[in-house]
Every structure is written in C-alpha cells, then in structure tokens.
file query-v6.tsv (TSV, C-alpha atoms)
chain	number	residue	atom	x	y	z
A	1	MET	CA	27.13	-11.81	-18.94
A	2	SER	CA	24.26	-12.07	-21.42
A	3	ILE	CA	24.36	-14.55	-24.27
A	4	GLN	CA	25.22	-12.77	-27.49
A	5	TYR	CA	23.66	-13.92	-30.73
A	6	PRO	CA	25.39	-13.80	-34.16
A	7	ASN	CA	24.23	-10.24	-34.79
A	8	GLY	CA	25.74	-9.23	-31.48
A	9	LYS	CA	22.38	-8.57	-29.89
A	10	ARG	CA	20.36	-10.48	-27.37
A	11	TYR	CA	17.42	-12.38	-28.77
A	12	ARG	CA	14.22	-10.39	-28.46
A	13	THR	CA	10.85	-10.48	-30.11
A	14	ASN	CA	9.57	-7.37	-31.86
A	15	GLN	CA	7.04	-6.95	-29.13
A	16	GLN	CA	9.76	-6.66	-26.56
A	17	LEU	CA	11.84	-4.32	-28.69
A	18	ASN	CA	8.87	-1.98	-28.78
A	19	LYS	CA	8.36	-1.99	-25.03
A	20	PRO	CA	10.68	0.89	-24.00
A	21	ASN	CA	8.41	3.39	-25.74
A	22	ALA	CA	5.22	1.66	-24.72
A	23	SER	CA	6.39	2.07	-21.14
A	24	ILE	CA	5.49	5.74	-21.12
A	25	ALA	CA	1.82	4.87	-21.05
A	26	TYR	CA	1.57	2.95	-17.77
A	27	GLY	CA	3.32	4.66	-14.92
A	28	GLY	CA	6.86	5.08	-15.97
A	29	ARG	CA	10.25	3.55	-16.30
A	30	GLY	CA	11.30	-0.04	-16.55
A	31	MET	CA	8.54	-1.53	-18.71
A	32	SER	CA	11.01	-3.42	-20.86
A	33	PHE	CA	12.81	-4.78	-17.80
A	34	GLU	CA	9.38	-5.57	-16.39
A	35	ALA	CA	8.56	-7.59	-19.51
A	36	ASP	CA	11.79	-9.56	-19.09
A	37	ILE	CA	11.05	-10.23	-15.41
A	38	ASP	CA	7.52	-11.33	-16.30
A	39	GLU	CA	8.93	-13.72	-18.91
A	40	SER	CA	11.36	-15.10	-16.34
A	41	ASN	CA	8.56	-15.59	-13.82
A	42	GLN	CA	6.47	-17.38	-16.45
A	43	PHE	CA	9.44	-19.63	-17.15
A	44	TYR	CA	9.93	-20.40	-13.46
A	45	LEU	CA	6.21	-21.12	-13.10
A	46	MET	CA	6.17	-23.44	-16.13
A	47	LYS	CA	9.22	-25.32	-14.84
A	48	GLU	CA	7.60	-25.55	-11.37
A	49	LYS	CA	10.60	-23.79	-9.91
A	50	ALA	CA	8.81	-20.90	-8.21
A	51	VAL	CA	5.48	-19.06	-8.08
A	52	ILE	CA	6.21	-15.36	-8.38
A	53	HIS	CA	3.80	-12.80	-9.83
A	54	LYS	CA	3.74	-9.07	-10.39
A	55	LYS	CA	1.05	-7.42	-8.33
A	56	PRO	CA	-1.59	-5.51	-10.29
A	57	THR	CA	-1.11	-1.75	-10.45
A	58	PRO	CA	-3.07	-0.18	-7.59
A	59	ILE	CA	-5.94	1.95	-8.86
A	60	GLN	CA	-8.29	4.32	-7.05
A	61	ILE	CA	-11.69	3.81	-8.64
A	62	VAL	CA	-14.02	6.82	-8.61
A	63	GLN	CA	-16.83	6.00	-11.01
A	64	VAL	CA	-18.15	2.74	-12.42
A	65	ASP	CA	-20.97	2.33	-14.94
A	66	TYR	CA	-23.08	-0.82	-15.08
A	67	PRO	CA	-24.52	-0.97	-18.59
A	68	LYS	CA	-27.30	-3.52	-19.02
A	69	ARG	CA	-26.18	-6.85	-20.44
A	70	SER	CA	-22.49	-5.95	-20.47
A	71	ALA	CA	-19.53	-5.81	-18.15
A	72	ALA	CA	-19.04	-3.02	-15.63
A	73	VAL	CA	-17.02	-0.14	-17.09
A	74	ILE	CA	-14.70	1.94	-14.97
A	75	LYS	CA	-15.20	5.51	-16.19
A	76	GLU	CA	-12.96	7.41	-13.79
A	77	ALA	CA	-9.97	6.10	-11.87
A	78	TYR	CA	-6.48	7.20	-10.86
A	79	PHE	CA	-3.13	5.49	-10.41
A	80	LYS	CA	-2.18	5.10	-6.77
A	81	GLN	CA	1.35	4.93	-5.42
A	82	ALA	CA	2.31	1.38	-4.54
A	83	SER	CA	2.66	0.74	-0.82
A	84	THR	CA	4.60	-2.47	-1.34
A	85	THR	CA	7.07	-3.83	-3.87
A	86	ASP	CA	5.82	-5.06	-7.24
A	87	TYR	CA	6.78	-8.73	-7.10
A	88	ASN	CA	6.30	-11.45	-4.54
A	89	GLY	CA	5.79	-15.15	-4.27
A	90	VAL	CA	7.21	-18.44	-3.05
A	91	TYR	CA	10.42	-20.30	-3.85
A	92	LYS	CA	11.33	-23.49	-2.01
A	93	GLY	CA	8.85	-22.59	0.70
A	94	ARG	CA	10.54	-19.23	1.32
A	95	TYR	CA	8.85	-15.89	0.80
A	96	ILE	CA	10.39	-13.85	-2.03
A	97	ASP	CA	9.73	-10.13	-2.36
A	98	PHE	CA	11.40	-7.66	-4.69
A	99	GLU	CA	11.27	-4.53	-6.75
A	100	ALA	CA	12.76	-4.26	-10.26
A	101	LYS	CA	14.03	-0.99	-11.73
A	102	GLU	CA	15.87	-0.02	-14.85
A	103	THR	CA	17.96	3.11	-15.17
A	104	LYS	CA	19.44	4.94	-18.15
A	105	ASN	CA	21.99	6.48	-15.85
A	106	LYS	CA	25.43	5.10	-16.67
A	107	THR	CA	27.25	5.73	-13.42
A	108	SER	CA	24.69	5.47	-10.65
A	109	PHE	CA	21.20	4.37	-9.62
A	110	PRO	CA	18.97	7.32	-8.64
A	111	LEU	CA	17.19	6.58	-5.37
A	112	GLN	CA	14.10	8.53	-6.44
A	113	ASN	CA	13.22	5.32	-8.33
A	114	ILE	CA	12.31	3.80	-4.96
A	115	HIS	CA	9.57	5.26	-2.78
A	116	LEU	CA	9.79	5.54	0.99
A	117	HIS	CA	6.69	3.30	1.31
A	118	GLN	CA	8.48	0.58	-0.58
A	119	VAL	CA	11.62	0.86	1.55
A	120	ASN	CA	9.50	0.65	4.69
A	121	HIS	CA	7.71	-2.39	3.29
A	122	MET	CA	11.12	-3.99	2.71
A	123	ARG	CA	12.06	-3.33	6.35
A	124	THR	CA	8.99	-5.24	7.53
A	125	VAL	CA	9.68	-8.15	5.16
A	126	VAL	CA	13.29	-8.45	6.32
A	127	ARG	CA	12.09	-8.51	9.95
A	128	GLN	CA	9.78	-11.42	9.06
A	129	ASN	CA	12.76	-13.30	7.61
A	130	GLY	CA	11.53	-12.97	4.03
A	131	ILE	CA	13.96	-12.89	1.11
A	132	CYS	CA	13.87	-9.30	-0.10
A	133	PHE	CA	15.91	-7.40	-2.67
A	134	LEU	CA	16.06	-4.90	-5.50
A	135	LEU	CA	16.91	-5.87	-9.06
A	136	ILE	CA	18.60	-3.06	-11.00
A	137	ARG	CA	19.22	-3.10	-14.73
A	138	PHE	CA	21.55	-0.59	-16.34
A	139	PHE	CA	19.83	0.14	-19.62
A	140	TYR	CA	22.92	0.80	-21.77
A	141	THR	CA	24.94	-2.22	-20.69
A	142	GLN	CA	21.95	-4.47	-19.87
A	143	GLU	CA	23.78	-5.56	-16.72
A	144	VAL	CA	21.48	-6.73	-13.93
A	145	TYR	CA	22.40	-6.60	-10.23
A	146	LEU	CA	20.66	-7.93	-7.17
A	147	LEU	CA	20.97	-5.63	-4.17
A	148	ASP	CA	19.92	-7.26	-0.90
A	149	ALA	CA	17.25	-5.25	0.96
A	150	PRO	CA	19.37	-4.52	4.07
A	151	THR	CA	22.10	-3.09	1.83
A	152	LEU	CA	19.59	-1.00	-0.13
A	153	ILE	CA	17.97	0.24	3.09
A	154	SER	CA	21.37	1.25	4.42
A	155	PHE	CA	22.10	3.28	1.26
A	156	TYR	CA	18.60	4.76	1.37
A	157	ASP	CA	18.83	5.82	5.01
A	158	ASN	CA	22.29	7.33	4.57
A	159	GLN	CA	21.70	9.29	1.39
A	160	LYS	CA	22.64	12.93	1.88
A	161	GLU	CA	23.06	15.37	-0.99
A	162	ARG	CA	23.86	12.53	-3.34
A	163	LYS	CA	20.45	10.85	-3.79
A	164	SER	CA	21.78	7.88	-5.69
A	165	ILE	CA	23.92	4.77	-5.33
A	166	LYS	CA	27.15	4.80	-7.35
A	167	LYS	CA	27.39	2.02	-9.88
A	168	ALA	CA	30.76	1.12	-8.41
A	169	ASP	CA	29.05	0.53	-5.06
A	170	ILE	CA	26.41	-1.64	-6.70
A	171	GLU	CA	29.20	-3.67	-8.29
A	172	THR	CA	30.85	-4.02	-4.88
A	173	TYR	CA	27.86	-4.63	-2.61
A	174	GLY	CA	25.42	-6.09	-5.13
A	175	HIS	CA	25.49	-9.41	-6.95
A	176	MET	CA	25.51	-9.78	-10.71
A	177	VAL	CA	22.51	-11.66	-12.08
A	178	HIS	CA	22.96	-14.05	-14.99
A	179	THR	CA	20.97	-12.97	-18.02
A	180	GLY	CA	20.40	-14.89	-21.20
A	181	TYR	CA	17.64	-16.79	-22.85
A	182	GLN	CA	14.98	-18.68	-20.88
A	183	PRO	CA	14.88	-17.11	-18.49
A	184	PHE	CA	16.04	-13.68	-19.58
A	185	VAL	CA	16.85	-12.70	-16.02
A	186	ASP	CA	17.84	-15.72	-13.94
A	187	TYR	CA	17.61	-14.02	-10.57
A	188	LEU	CA	16.72	-17.23	-8.71
A	189	ARG	CA	20.21	-18.52	-9.44
A	190	THR	CA	21.53	-15.52	-7.50
A	191	VAL	CA	18.91	-16.07	-4.78
A	192	ASP	CA	20.17	-19.66	-4.44
A	193	GLU	CA	23.74	-18.48	-3.94
A	194	LEU	CA	22.81	-15.78	-1.43
A	195	TYR	CA	19.89	-17.01	0.61
A	196	ILE	CA	19.16	-20.70	0.18
A	197	LYS	CA	21.50	-23.02	1.99
B	1	MET	CA	-16.33	-17.96	19.24
B	2	SER	CA	-16.45	-14.15	18.86
B	3	ILE	CA	-16.33	-11.82	21.84
B	4	GLN	CA	-19.80	-10.54	22.64
B	5	TYR	CA	-20.26	-7.00	23.90
B	6	PRO	CA	-22.95	-5.90	26.41
B	7	ASN	CA	-25.48	-5.33	23.64
B	8	GLY	CA	-24.85	-8.86	22.43
B	9	LYS	CA	-23.18	-7.70	19.24
B	10	ARG	CA	-19.57	-7.69	18.16
B	11	TYR	CA	-17.93	-4.29	18.29
B	12	ARG	CA	-18.04	-2.63	14.89
B	13	THR	CA	-17.74	0.88	13.60
B	14	ASN	CA	-20.57	2.34	11.57
B	15	GLN	CA	-18.36	2.16	8.54
B	16	GLN	CA	-18.04	-1.57	8.91
B	17	LEU	CA	-21.73	-2.06	9.58
B	18	ASN	CA	-22.41	-0.40	6.26
B	19	LYS	CA	-20.01	-2.57	4.32
B	20	PRO	CA	-22.31	-5.49	3.36
B	21	ASN	CA	-24.34	-3.16	1.16
B	22	ALA	CA	-21.36	-1.19	-0.06
B	23	SER	CA	-19.91	-4.48	-1.27
B	24	ILE	CA	-22.22	-4.54	-4.26
B	25	ALA	CA	-20.23	-1.76	-5.88
B	26	TYR	CA	-16.86	-3.45	-6.30
B	27	GLY	CA	-17.06	-6.93	-7.64
B	28	GLY	CA	-19.34	-8.82	-5.37
B	29	ARG	CA	-19.58	-10.77	-2.18
B	30	GLY	CA	-17.46	-10.71	0.91
B	31	MET	CA	-16.60	-7.02	1.22
B	32	SER	CA	-17.39	-6.98	4.91
B	33	PHE	CA	-15.29	-10.08	5.51
B	34	GLU	CA	-12.61	-8.45	3.38
B	35	ALA	CA	-12.69	-5.37	5.65
B	36	ASP	CA	-12.24	-7.63	8.70
B	37	ILE	CA	-9.32	-9.46	7.07
B	38	ASP	CA	-7.72	-6.15	6.14
B	39	GLU	CA	-8.08	-4.97	9.72
B	40	SER	CA	-6.50	-8.21	10.96
B	41	ASN	CA	-3.61	-7.82	8.51
B	42	GLN	CA	-3.07	-4.23	9.68
B	43	PHE	CA	-3.01	-5.47	13.24
B	44	TYR	CA	-0.45	-8.18	12.41
B	45	LEU	CA	1.67	-5.63	10.55
B	46	MET	CA	1.56	-3.14	13.42
B	47	LYS	CA	2.50	-5.85	15.93
B	48	GLU	CA	5.34	-6.99	13.59
B	49	LYS	CA	3.80	-10.44	13.52
B	50	ALA	CA	3.40	-10.83	9.75
B	51	VAL	CA	3.42	-8.86	6.50
B	52	ILE	CA	0.31	-9.85	4.57
B	53	HIS	CA	-1.46	-7.61	2.06
B	54	LYS	CA	-4.43	-7.86	-0.24
B	55	LYS	CA	-3.40	-7.62	-3.85
B	56	PRO	CA	-4.92	-4.75	-5.83
B	57	THR	CA	-7.90	-5.66	-8.01
B	58	PRO	CA	-6.62	-6.48	-11.49
B	59	ILE	CA	-7.82	-3.95	-14.06
B	60	GLN	CA	-7.58	-3.92	-17.84
B	61	ILE	CA	-6.90	-0.31	-18.78
B	62	VAL	CA	-8.18	0.79	-22.19
B	63	GLN	CA	-7.96	4.58	-22.21
B	64	VAL	CA	-5.96	7.07	-20.16
B	65	ASP	CA	-6.09	10.85	-20.41
B	66	TYR	CA	-3.14	13.03	-19.48
B	67	PRO	CA	-4.56	16.45	-18.66
B	68	LYS	CA	-1.95	19.19	-18.39
B	69	ARG	CA	-0.80	19.93	-14.85
B	70	SER	CA	-2.85	17.14	-13.28
B	71	ALA	CA	-2.67	13.42	-12.67
B	72	ALA	CA	-3.37	10.88	-15.40
B	73	VAL	CA	-7.06	9.91	-15.48
B	74	ILE	CA	-8.17	6.42	-16.44
B	75	LYS	CA	-11.27	6.97	-18.60
B	76	GLU	CA	-12.05	3.41	-19.62
B	77	ALA	CA	-11.09	0.21	-17.87
B	78	TYR	CA	-12.57	-3.17	-17.00
B	79	PHE	CA	-12.33	-5.56	-14.08
B	80	LYS	CA	-10.25	-8.63	-14.90
B	81	GLN	CA	-10.67	-12.01	-13.29
B	82	ALA	CA	-7.95	-12.64	-10.73
B	83	SER	CA	-5.43	-15.30	-11.76
B	84	THR	CA	-4.15	-15.76	-8.21
B	85	THR	CA	-5.60	-15.57	-4.72
B	86	ASP	CA	-6.24	-12.17	-3.13
B	87	TYR	CA	-3.89	-12.29	-0.15
B	88	ASN	CA	-0.26	-13.19	0.27
B	89	GLY	CA	2.75	-12.35	2.35
B	90	VAL	CA	5.28	-13.60	4.86
B	91	TYR	CA	4.93	-15.03	8.36
B	92	LYS	CA	7.97	-16.35	10.25
B	93	GLY	CA	9.84	-16.58	6.95
B	94	ARG	CA	7.17	-18.79	5.41
B	95	TYR	CA	5.12	-17.84	2.39
B	96	ILE	CA	1.40	-17.38	3.18
B	97	ASP	CA	-1.21	-17.36	0.41
B	98	PHE	CA	-4.98	-17.43	0.78
B	99	GLU	CA	-8.38	-16.49	-0.50
B	100	ALA	CA	-11.20	-15.24	1.75
B	101	LYS	CA	-14.88	-15.73	0.93
B	102	GLU	CA	-18.11	-15.12	2.76
B	103	THR	CA	-21.33	-16.95	2.01
B	104	LYS	CA	-24.94	-16.31	2.98
B	105	ASN	CA	-25.65	-19.97	2.41
B	106	LYS	CA	-26.46	-21.65	5.74
B	107	THR	CA	-25.68	-25.27	4.93
B	108	SER	CA	-22.89	-25.25	2.35
B	109	PHE	CA	-20.18	-23.24	0.60
B	110	PRO	CA	-20.87	-22.85	-3.15
B	111	LEU	CA	-17.75	-23.65	-5.15
B	112	GLN	CA	-18.60	-21.07	-7.79
B	113	ASN	CA	-17.10	-18.59	-5.33
B	114	ILE	CA	-13.68	-19.95	-6.31
B	115	HIS	CA	-12.41	-19.74	-9.88
B	116	LEU	CA	-10.47	-22.47	-11.62
B	117	HIS	CA	-7.51	-20.09	-12.06
B	118	GLN	CA	-7.35	-19.60	-8.34
B	119	VAL	CA	-7.48	-23.33	-7.62
B	120	ASN	CA	-4.68	-23.89	-10.13
B	121	HIS	CA	-2.67	-21.12	-8.51
B	122	MET	CA	-3.14	-22.88	-5.16
B	123	ARG	CA	-1.84	-26.13	-6.67
B	124	THR	CA	1.40	-24.40	-7.71
B	125	VAL	CA	1.83	-22.76	-4.29
B	126	VAL	CA	1.36	-26.07	-2.48
B	127	ARG	CA	3.98	-27.65	-4.75
B	128	GLN	CA	6.41	-24.89	-3.75
B	129	ASN	CA	5.78	-25.70	-0.09
B	130	GLY	CA	3.91	-22.46	0.57
B	131	ILE	CA	1.22	-22.24	3.23
B	132	CYS	CA	-2.03	-21.99	1.29
B	133	PHE	CA	-5.66	-22.05	2.36
B	134	LEU	CA	-9.18	-20.70	2.01
B	135	LEU	CA	-10.91	-18.72	4.74
B	136	ILE	CA	-14.69	-19.13	4.70
B	137	ARG	CA	-17.09	-17.05	6.75
B	138	PHE	CA	-20.71	-18.08	7.14
B	139	PHE	CA	-22.54	-14.76	7.11
B	140	TYR	CA	-25.42	-15.64	9.42
B	141	THR	CA	-23.39	-17.27	12.17
B	142	GLN	CA	-20.16	-15.28	11.57
B	143	GLU	CA	-18.22	-18.53	11.98
B	144	VAL	CA	-14.88	-18.57	10.17
B	145	TYR	CA	-13.15	-21.75	8.99
B	146	LEU	CA	-9.73	-22.32	7.51
B	147	LEU	CA	-9.72	-24.98	4.80
B	148	ASP	CA	-6.23	-26.15	3.82
B	149	ALA	CA	-5.57	-25.86	0.07
B	150	PRO	CA	-5.06	-29.61	-0.55
B	151	THR	CA	-8.44	-30.29	1.08
B	152	LEU	CA	-10.14	-27.56	-0.94
B	153	ILE	CA	-8.52	-28.80	-4.15
B	154	SER	CA	-9.75	-32.31	-3.43
B	155	PHE	CA	-13.33	-31.06	-2.96
B	156	TYR	CA	-13.02	-28.90	-6.07
B	157	ASP	CA	-11.72	-31.71	-8.26
B	158	ASN	CA	-14.36	-34.16	-7.06
B	159	GLN	CA	-17.41	-31.94	-7.32
B	160	LYS	CA	-20.09	-33.58	-9.45
B	161	GLU	CA	-23.68	-32.40	-9.57
B	162	ARG	CA	-23.32	-30.85	-6.15
B	163	LYS	CA	-21.13	-27.82	-6.81
B	164	SER	CA	-20.61	-26.96	-3.17
B	165	ILE	CA	-18.98	-28.17	0.02
B	166	LYS	CA	-21.39	-29.11	2.78
B	167	LYS	CA	-20.98	-27.08	5.96
B	168	ALA	CA	-20.75	-30.34	7.87
B	169	ASP	CA	-17.70	-31.26	5.76
B	170	ILE	CA	-16.13	-27.86	6.41
B	171	GLU	CA	-16.66	-28.43	10.13
B	172	THR	CA	-15.02	-31.85	9.82
B	173	TYR	CA	-12.12	-31.14	7.46
B	174	GLY	CA	-11.64	-27.43	8.14
B	175	HIS	CA	-10.38	-25.66	11.24
B	176	MET	CA	-12.33	-23.08	13.17
B	177	VAL	CA	-10.66	-19.68	13.29
B	178	HIS	CA	-10.83	-17.63	16.45
B	179	THR	CA	-12.64	-14.34	15.91
B	180	GLY	CA	-12.92	-11.44	18.28
B	181	TYR	CA	-11.49	-8.00	18.67
B	182	GLN	CA	-7.97	-7.09	17.51
B	183	PRO	CA	-7.64	-8.92	15.32
B	184	PHE	CA	-11.19	-9.62	14.19
B	185	VAL	CA	-10.10	-12.79	12.40
B	186	ASP	CA	-7.08	-14.35	14.10
B	187	TYR	CA	-6.22	-16.77	11.32
B	188	LEU	CA	-2.50	-16.81	12.14
B	189	ARG	CA	-3.31	-18.59	15.40
B	190	THR	CA	-4.82	-21.38	13.29
B	191	VAL	CA	-1.83	-21.25	10.91
B	192	ASP	CA	0.46	-21.73	13.91
B	193	GLU	CA	-1.43	-24.84	14.99
B	194	LEU	CA	-1.55	-26.35	11.51
B	195	TYR	CA	1.65	-25.42	9.70
B	196	ILE	CA	4.30	-23.94	11.97
B	197	LYS	CA	6.15	-26.40	14.14
call {"tool": "encode", "arguments": {"input": "query-v6.tsv", "output": "structure tokens"}}
result
Amino acid sequence: MSIQYPNGKRYRTNQQLNKPNASIAYGGRGMSFEADIDESNQFYLMKEKAVIHKKPTPIQIVQVDYPKRSAAVIKEAYFKQASTTDYNGVYKGRYIDFEAKETKNKTSFPLQNIHLHQVNHMRTVVRQNGICFLLIRFFYTQEVYLLDAPTLISFYDNQKERKSIKKADIETYGHMVHTGYQPFVDYLRTVDELYIK
Amino acid sequence: MSIQYPNGKRYRTNQQLNKPNASIAYGGRGMSFEADIDESNQFYLMKEKAVIHKKPTPIQIVQVDYPKRSAAVIKEAYFKQASTTDYNGVYKGRYIDFEAKETKNKTSFPLQNIHLHQVNHMRTVVRQNGICFLLIRFFYTQEVYLLDAPTLISFYDNQKERKSIKKADIETYGHMVHTGYQPFVDYLRTVDELYIK
C-alpha cells in the first residue's frame, strides 16, 4: 500500500534510516516505527486534524544532584514498565488511545510485545467508550494493520501455547492502514472508517 | 467545601502530610495537590468512572549504563519542560485534558506557573473539541477552582504588567470544585455540570 519512489524504496531521511539500530538504546523494539508515528502525529497536529502525543518514557528517579548555577542532574534512574499505552490524544472530540509495535516476525505477531498492564489499560479505555487499538507493522513488508482493542484483548485472553497472533488472523480481523508520505502512517483514515460516523 | 473531621482537619495520611516539603525534590510546586489529584484519579479508575493518568515527567537521557545481569541504569539525564499538560484521559467517551497547580499566593494565581507551550497545547485541544481546563488550589484555604481553557487562554493572552489572575476573577469566571474524602478533588462533578449534557 505504500507509495513507491523511483528507486523502489519509500522516501526516508538518513536519520530515519539509522533509527532501527538506534532503537537498541532506549527500551527496545519499534523505534523506527515510533519515529514514523511521531512524524504522522506532528503532521496531524500541524494540519489541526488531531492532537496526539507519545507519552514520555516512565522513569524511576533515585538520585538527583543540584549543582549551583546549573540545571538539576539526574544521576541514577531506572526505566519503569509502562502501565498504559504509549500514545493518546483527541480527534474530533473523541479520546484516542493506542500502542504501536513493529515485529520482524514474518508470519505472526508475538504477544510478548504487549504487557498485561497495557491490555488491562485498554480494557478500561474501551469501557469508557474511548477509541482504542494496536498498530502493528511487519518490518519486512512494511505493512501496517490496526487491530481494534476488543479484538486484541480477545486474542490476548485466549492465547494458549501459541503466544502470538497469526498474520493471517491480523489480515482477517485487523484493518490495513494506508502508508505513504505525509503522513507516513495515516492511521486516522482507518479510525474514520471504523469509529467515526 | 471540604469535609471536616472531629479535629477540624481533613483526613490525611502521614505520607500526604509530608508531601509539601517532599515536593521540593522533583520539579517544584504542587506536589501535595498532585498527590490528591492522583488519589482522585485512582478512585475514578477503581469505580470505572474515568481513565485519567498523569503523564510521566519528560526526561532527556544522556547516558545509560548496561551492567551485566542487571537492569539498565540511567547515569545522566535532565528534566525537560513539558510540552503538554500533565493529565489526560477519557471520561464518557470524551477527551479530558488538564493541568493542576497549587499556589501559596492568597490573592492571585501567578501565570508563571503555566508555560507558553502548555497554553498552546490547550489551544489545540480546544480546537479538537476536547474538554480542557486548569485546576487551581489555593494552598492556605485549600479551595479548588476549575478554570475552563478558553477563559485561561484569554487571561494569559491579555496579561500585561500584572502577570497573574486575581483570585476574585477566578471566583467569578472559574467554578468551585467539591473537595472531600474519596475522591479528595471531585473535579469530574464540575466537568459534568460544565461540559457533559
């Protein structure tokens, strides 16, 4: 679905091309996908279409120094596990809440990418009538799917030995997201089709 | 407006009583008010009334160590200025977004408590039809007021020499928030009256 440029590749800046390796530094997978989502959110914000931000990474601060005449320096801190999803905001008055994950798996999406806390957060958002979903990108094909939270929760709750969702099931129960240029990941178009009447 | 207990004081745990001093450690004013808002949000969550969380403090990470067989340690990081408000979430399907500030000033609310970035964020939320406001607590009286974002923005944009909002104006243009026990700060009751038909 993505727009192909003359060299057969999607348009990307060098900075973005470098992101998959840079991702190792800050808490794991999906940094490149995260950069694309951030760009899309910036685009939506600029066009006054939606206000959606990534939440800051939660940090447990242990020690802070206050040097004279300069800014406070955090000298010891640890990454905390997120208790909610990473992205939320407002679109046409509605509350939007989602998680975005990329996988290098070609045939399925491993459910260990999603924490129980996040699934439970999604349950509460759905109960409050918020719009809640998971965006999945398959790294090798660059396909992006939107999986509605109730569907994801159902897969999560019914996982047995197989702790993953088959790609075929994502194709069946999920919704393909248009990708291209500005925004890279046009997930609000899919949100319009699914949730906004 | 708050419920008074036999000793004439609001019920508080020792931990909460200690918070005003503890607040100096992590980025300033309003830690005690923040604790009360967090408690209220926990109460709303538990009662399945709303899903509203404080965003993590934004941190600029400079150096991370990866000791063998233990968790990554952040060795150098700095506090960043927030580009959005601190709290957001969903209530009855609607997007809720607010900032909460406490002041020890008895006659006015100093506008330096609110950053330009946050005011601009509020503008974008209002345009998207989100419910957006500022909660102000006057430390010495423990009165809490909700000031609707458009009203706050108007005061912010029209500040001249006097870089504050008079308490009398907050009493006139704001809305008193019921405070008591469970939740301490029942701001959703005020939201119901103002925004939810």
call {"tool": "closest_residue", "arguments": {"input": "query-v6.tsv", "among": "B:Gln128, B:Ser108, B:Val62, B:Lys80", "to": "chain A", "atoms": "all atoms listed in the file"}}
result
B:Gln128
call {"tool": "closest_atom_pairs", "arguments": {"input": "query-v6.tsv", "of": "chain A", "to": "chain B", "cutoff": "6 Å", "atoms": "only C-alpha atoms", "output": "Markdown table"}}
result
| residue | atom | partner | partner_atom | distance |
| --- | --- | --- | --- | --- |
| A:Pro56 | CA | B:Pro58 | CA | 5.3 |
| A:Pro58 | CA | B:Pro56 | CA | 5.2 |
| A:Val73 | CA | B:Tyr78 | CA | 5.4 |
| A:Ile74 | CA | B:Ala77 | CA | 4.9 |
| A:Lys75 | CA | B:Lys75 | CA | 4.8 |
| A:Glu76 | CA | B:Lys75 | CA | 5.1 |
| A:Ala77 | CA | B:Ile74 | CA | 4.9 |
| A:Tyr78 | CA | B:Val73 | CA | 5.4 |
| A:Val90 | CA | B:Tyr95 | CA | 5.9 |
| A:Lys92 | CA | B:Gln128 | CA | 5.4 |
| A:Gly93 | CA | B:Asn129 | CA | 4.4 |
| A:Arg94 | CA | B:Arg94 | CA | 5.3 |
| A:Tyr95 | CA | B:Tyr95 | CA | 4.5 |
| A:Gln128 | CA | B:Lys92 | CA | 5.4 |
| A:Asn129 | CA | B:Gly93 | CA | 4.4 |
| A:Gly130 | CA | B:Gly93 | CA | 4.9 |
call {"tool": "closest_residue", "arguments": {"input": "query-v6.tsv", "among": "A:Ser154, A:Glu34, A:Glu39, A:Lys104", "to": "Gln182 in chain A", "atoms": "only C-alpha atoms"}}
result
A:Glu39
call {"tool": "closest_atom_pairs", "arguments": {"input": "query-v6.tsv", "of": "range 42-116 of chain B", "to": "range 163-180 of chain B", "cutoff": "10 Å", "atoms": "only C-alpha atoms", "output": "CSV"}}
result
residue,atom,partner,partner_atom,distance
B:Asn105,CA,B:Lys167,CA,9.2
B:Lys106,CA,B:Lys167,CA,7.7
B:Thr107,CA,B:Lys167,CA,5.1
B:Ser108,CA,B:Lys166,CA,4.2
B:Phe109,CA,B:Ile165,CA,5.1
B:Pro110,CA,B:Ser164,CA,4.1
B:Leu111,CA,B:Ser164,CA,4.8
B:Gln112,CA,B:Lys163,CA,7.3
B:Asn113,CA,B:Ser164,CA,9.3
call {"tool": "closest_residue", "arguments": {"input": "query-v6.tsv", "among": "B:Arg69, B:Ala149, B:Arg123, B:Leu134", "to": "Phe98 in chain B", "atoms": "all atoms listed in the file"}}
result
B:Leu134
call {"tool": "build_atoms", "arguments": {"input": "query-v6.tsv", "residues": "range 124-135 of chain A", "atoms": "N, CA and C atoms", "output": "PDB file, in the frame of the given file"}}
result
ATOM      1  N   THR A 124       9.889  -4.306   6.832  1.00  0.00           N
ATOM      2  CA  THR A 124       8.990  -5.240   7.530  1.00  0.00           C
ATOM      3  C   THR A 124       9.208  -6.673   7.028  1.00  0.00           C
ATOM      4  N   VAL A 125       9.467  -6.811   5.727  1.00  0.00           N
ATOM      5  CA  VAL A 125       9.680  -8.150   5.160  1.00  0.00           C
ATOM      6  C   VAL A 125      10.960  -8.770   5.713  1.00  0.00           C
ATOM      7  N   VAL A 126      12.013  -7.955   5.792  1.00  0.00           N
ATOM      8  CA  VAL A 126      13.290  -8.450   6.320  1.00  0.00           C
ATOM      9  C   VAL A 126      13.104  -8.915   7.763  1.00  0.00           C
ATOM     10  N   ARG A 127      12.339  -8.141   8.543  1.00  0.00           N
ATOM     11  CA  ARG A 127      12.090  -8.510   9.950  1.00  0.00           C
ATOM     12  C   ARG A 127      11.338  -9.835  10.068  1.00  0.00           C
ATOM     13  N   GLN A 128      10.530 -10.156   9.053  1.00  0.00           N
ATOM     14  CA  GLN A 128       9.780 -11.420   9.060  1.00  0.00           C
ATOM     15  C   GLN A 128      10.579 -12.552   8.425  1.00  0.00           C
ATOM     16  N   ASN A 129      11.877 -12.271   8.161  1.00  0.00           N
ATOM     17  CA  ASN A 129      12.760 -13.300   7.610  1.00  0.00           C
ATOM     18  C   ASN A 129      12.403 -13.687   6.171  1.00  0.00           C
ATOM     19  N   GLY A 130      11.781 -12.748   5.458  1.00  0.00           N
ATOM     20  CA  GLY A 130      11.530 -12.970   4.030  1.00  0.00           C
ATOM     21  C   GLY A 130      12.776 -12.655   3.227  1.00  0.00           C
ATOM     22  N   ILE A 131      12.853 -13.196   2.029  1.00  0.00           N
ATOM     23  CA  ILE A 131      13.960 -12.890   1.110  1.00  0.00           C
ATOM     24  C   ILE A 131      13.553 -11.665   0.315  1.00  0.00           C
ATOM     25  N   CYS A 132      14.318 -10.580   0.459  1.00  0.00           N
ATOM     26  CA  CYS A 132      13.870  -9.300  -0.100  1.00  0.00           C
ATOM     27  C   CYS A 132      15.034  -8.566  -0.746  1.00  0.00           C
ATOM     28  N   PHE A 133      14.807  -8.054  -1.945  1.00  0.00           N
ATOM     29  CA  PHE A 133      15.910  -7.400  -2.670  1.00  0.00           C
ATOM     30  C   PHE A 133      15.389  -6.474  -3.750  1.00  0.00           C
ATOM     31  N   LEU A 134      16.344  -5.762  -4.346  1.00  0.00           N
ATOM     32  CA  LEU A 134      16.060  -4.900  -5.500  1.00  0.00           C
ATOM     33  C   LEU A 134      16.865  -5.435  -6.681  1.00  0.00           C
ATOM     34  N   LEU A 135      16.193  -5.558  -7.822  1.00  0.00           N
ATOM     35  CA  LEU A 135      16.910  -5.870  -9.060  1.00  0.00           C
ATOM     36  C   LEU A 135      17.077  -4.566  -9.844  1.00  0.00           C
TER      37      LEU A 135
END
